[in-house]
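For reference, the structure is listed below as structure tokens.
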Amino acid sequence: MTDLYLPDAAATHALGVELGRRCGAGDVLAAEGPLGAGKTSLAQGLARGLGVPADHYVNSPTYAILQIHPGRVPFCHVDLYRIEDPDEAYGLGLEESVGTDGVAYVEWPRRLPDLIPPDALWIRLTPEGTGRRIVLSAQGGRGARILEAFAAARKTPSS
Amino acid sequence: MRVLAIESSCDETAAAIVTDGHCVLSDVVATQTAVHAKYGGVVPELASRNHVVDIVPVVQQALATAGLDWPEVDAIAVTRGPGLVGALLVGLQVAKALAYALNKPLVPVHHLAGHLHAVYLHGPTEPRPAGPAFPHLALAVSGGHTALYRVDASDRVTQIANTRDDAAGEAFDKVARMLGLGYPGGPVVERGARGGDPSAHTFTLPRFKDGGLDFSFSGLKTAVLTVVQRRGALPEGQDLADLLASFQAAAVAQLVDRTVAATQAHGLRDVVLAGGVACNTALREAARAALLPRGGRVHVPPPRWCTDNAAMIAGAAHAAALRLAGAGHDPADRRINASGTWRLTAA
């Protein structure tokens with residue numbers, strides 16, 4: 001588990017870039033936190049870390065539910081905010097974009113628990129003062145590997 | 001040229017028949033009709049299988065309302081993207097089946113090209129709107145989009161600005177939900193804002209250091225949340241009306257600010273407001289108040305063609321349908337697939 005305090009949106013974005021650099025095809029990141037906690041800022045950082053071009057808009061997929069951005073691998077940005085019952089997501093094809101050939105970042109993951117693989121990297125964002133606290137955790141597998149690579153890179157900032 | 005179009009890119013299942021790209025003979029949207037009642041009650045709003053349930057009765061109703069028989073349909077149009085592939089495929093498969101069975105051209109249409117075309121539509125007994133001249137500016141503003149386009153021709157569209165975070169309609173929905181007002185947020189916020197003081201709360205107009213005309217609504221949403229949290233209770237009565245009026249005024253001010261700046265930067269006079277948020281009266285009035293004194297013209301479709309519908313898809317397909325009918329279409333053209341990430345412009 002990694003626990004960090006991020007003072008502003010720029011720090012959230014920078015953390016996203018760092019995480020994105022360490023993700024590869026098949027990885028799933030599940031992001032939890034209330035409205036305004038910085039989930040979109042983190043997504044924008046992830047996109048840059050995954051090589052999505054800087055002039056490519058990475059905006060909220062709340063209405064569309066899924067947006068796929070072109071990067072080093074596809075960046076699949078999922079937002080389940082509008083899904084109130086798992087039944088509503090039936091047949092939308094989300095499972096084709098999560099844990100497959102791209103990196104999936106899922107907001108409001110508890111709305112559709114079956115979509116999230118057991119070895120996902122969980123990201124919990126909580127507003128704290130003028131910034132936010134972020135807790136990263138994983139139960140082995142891919143999520144744990146991202147977390148290890150991330151922690152190792154932070155110990156040697158030159159990498 | 002009569003085009004039957006199907007739209008299933010997001011929540012709505014819709015079918016319509018439009019003559020010559022502008023005259024709407026029929027326009028059926030599943031969630032706005034009694035189609036659901038037939039299946040006994042409320043079904044989840046978003047499910048792709050709702051499209052499956054609704055699509056055939058919706059298409060049949062479009063044909064019946066237009067008073068046409070199948071041989072009288074000259075072409076089939078369908079929204080190919082962007083949207084959820086699972087949802088798009090339902091409309092696409094039905095459109096393909098119809099095109100094969102009737103041996104008619106199949107025209108794939110971009111969802112936003114449809115929204116930008118809605119301003120040219122009219123009912124059979126209504127006068128044909130003059131419509132904007134080319135080039136013009138279009139503000140596409142809905143739950144999923146907030147973008148400005150320069151439209152040089154119906155098939156030559158360049159994006160000028162986009163939202164960097166949330167769409168404007170999404171901000172209306174999320175503010176309505178955080179205040180316990182229900183869904184969809186646009187109409188409930190507009191109603192709740194009546195009698196409210198738009199200057200009760202000051203929300204700052206976002207500006208970007210790079211001077212771009214992009215939009216941002218995430219900060220406004222969070223600012224409203226901060227007001228609510230500081231009070232420790234949900235506002236009621238006049239307090240609620242004041243907060244909603246202030247939020248709506250800030251959202252509208254940003255949309256109009258960028259729109260006016262874009263008309264000046266591109267030397268454009270005609271402005272189209274499109275998408276679900278174009279139903280908002282405060283936006284329509286503010287856009288007119290800002291643009292008319294500058295010699296601008298504002299074109300807004302009636303509300304029924306601002307929200308998702310198939311008439312706009314049929315209208316936008318007209319030129320391509322004419323071309324395909326004239327040149328003789330190739331059955332291979334029907335081998336199109338859904339494109340969830342289809343972009344309207346290369347810019």
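Just so we're on the same page: first chain in the structure tokens is A, next is B, and so on; residues restart at 1 for each chain, and ligands are numbered from 1 in the order they show up.
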
Legend entry - Check: which chain A residues lie within 7 Å of chain B using only C-alpha atoms, as a PyMOL selection string: chain A and resi 36+40+57-60+63-64+66+68+88-93

Inset, instruction - Show which residues sit within 6 Å of range 264-274 of chain B, as a ChimeraX atom specification. Count only C-alpha atoms, and ignore same-chain residues fewer than 2 positions away. - result: /B:115,132,136-140,261-262,278,296-300,306

Inset, instruction - Run DSSP on the backbone and grab whatever in range 76-287 of chain B lands in helix (DSSP H, G or I); send it over as a PyMOL selection string. - result: chain B and resi 85-102+111-120+168-178+185-193+218-231+237-266+276-279+281-287

Near Ala245 in chain B, counting only C-alpha atoms, which residues have an atom at most 6 Å away, once you skip same-chain residues fewer than 4 positions from it, shown as a tab-separated table (two decimals) with N, CA and C atoms, in the first residue's frame?
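Once written, part-v3.tsv looks like this:
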chain	number	residue	atom	x	y	z
B	193	ALA	N	-34.08	27.38	-10.91
B	193	ALA	CA	-33.37	28.66	-10.90
B	193	ALA	C	-34.32	29.85	-11.05
B	196	GLY	N	-34.59	32.88	-8.70
B	196	GLY	CA	-33.33	32.95	-7.95
B	196	GLY	C	-32.51	34.15	-8.40
B	197	ASP	N	-31.61	34.57	-7.51
B	197	ASP	CA	-30.74	35.71	-7.81
B	197	ASP	C	-29.42	35.18	-8.39
B	198	PRO	N	-29.17	35.40	-9.69
B	198	PRO	CA	-27.95	34.85	-10.30
B	198	PRO	C	-26.67	35.49	-9.76
B	241	ALA	N	-32.90	28.34	-4.94
B	241	ALA	CA	-33.12	29.06	-6.20
B	241	ALA	C	-31.93	29.97	-6.52
B	249	ALA	N	-26.14	30.75	-14.36
B	249	ALA	CA	-25.59	31.98	-14.96
B	249	ALA	C	-24.11	31.81	-15.26

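Secondary structure of range 273-315 of chain B, strand (DSSP E) only (DSSP, backbone atoms): Leu273, Ala274, Arg297, Val298 and His299 of chain B.
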
Legend entry - Within 12 Å of Ala47 in chain A using only C-alpha atoms, minus same-chain residues under 4 positions, as number ranges by chain: A: 13-23, 40-43, 51-59, 67-77, 102-105

Inset, instruction - Please provide as a list of chain:residue names all residues within 12 Å of Arg124 in chain A, with the sequence filter that same-chain residues fewer than 4 positions apart are discarded (counting only C-alpha atoms). - result: A:Met1, A:Thr2, A:Asp3, A:Leu4, A:Tyr5, A:Leu29, A:Ala30, A:Ala31, A:Glu32, A:Gly33, A:Pro34, A:Ala37, A:Gly38, A:Lys39, A:Leu42, A:Val106, A:Glu107, A:Trp108, A:Pro109, A:Arg132, A:Arg133, A:Ile134, A:Val135, A:Leu136, A:Ser137, A:Ala138

Legend entry - Distance of CA of Gln159 in chain B from CA of Arg294 in chain B, expressed in Å to one decimal place: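 Separation of CA of Arg294 in chain B and CA of Gln159 in chain B: 22.9 Å.
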
Inset, instruction - Just the residues within 6 Å of Thr19 in chain B, please, counting only C-alpha atoms, with nothing from its chain fewer than 4 positions along; format it as a list in words. - result: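 With the cut-off at 6 Å, the set is Met1, Arg2 and Cys23 of chain B.
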
Since we have the selection now, will you write its residues out, keeping N, CA, C and O atoms, as a PDB file, in the first residue's frame?
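File written: part.pdb
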ATOM      1  N   MET B   1     -36.194  12.473 -52.258  1.00  0.00           N
ATOM      2  CA  MET B   1     -35.336  11.482 -51.577  1.00  0.00           C
ATOM      3  C   MET B   1     -35.776  11.323 -50.130  1.00  0.00           C
ATOM      4  O   MET B   1     -35.668  12.252 -49.337  1.00  0.00           O
ATOM      5  N   ARG B   2     -36.310  10.135 -49.805  1.00  0.00           N
ATOM      6  CA  ARG B   2     -36.759   9.874 -48.427  1.00  0.00           C
ATOM      7  C   ARG B   2     -35.733   8.979 -47.737  1.00  0.00           C
ATOM      8  O   ARG B   2     -35.468   7.875 -48.192  1.00  0.00           O
ATOM      9  N   CYS B  23     -37.336  18.051 -44.391  1.00  0.00           N
ATOM     10  CA  CYS B  23     -38.736  17.932 -43.975  1.00  0.00           C
ATOM     11  C   CYS B  23     -38.959  16.612 -43.226  1.00  0.00           C
ATOM     12  O   CYS B  23     -38.834  15.520 -43.780  1.00  0.00           O
TER      13      CYS B  23
END

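Atom pair CA of Val141 in chain B / CA of Val277 in chain B has a distance of 5.5 Å (rounded to one decimal).
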
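One distance worth recording is that between CA of Val228 in chain B and CA of Pro127 in chain A, which is 15.1 Å.
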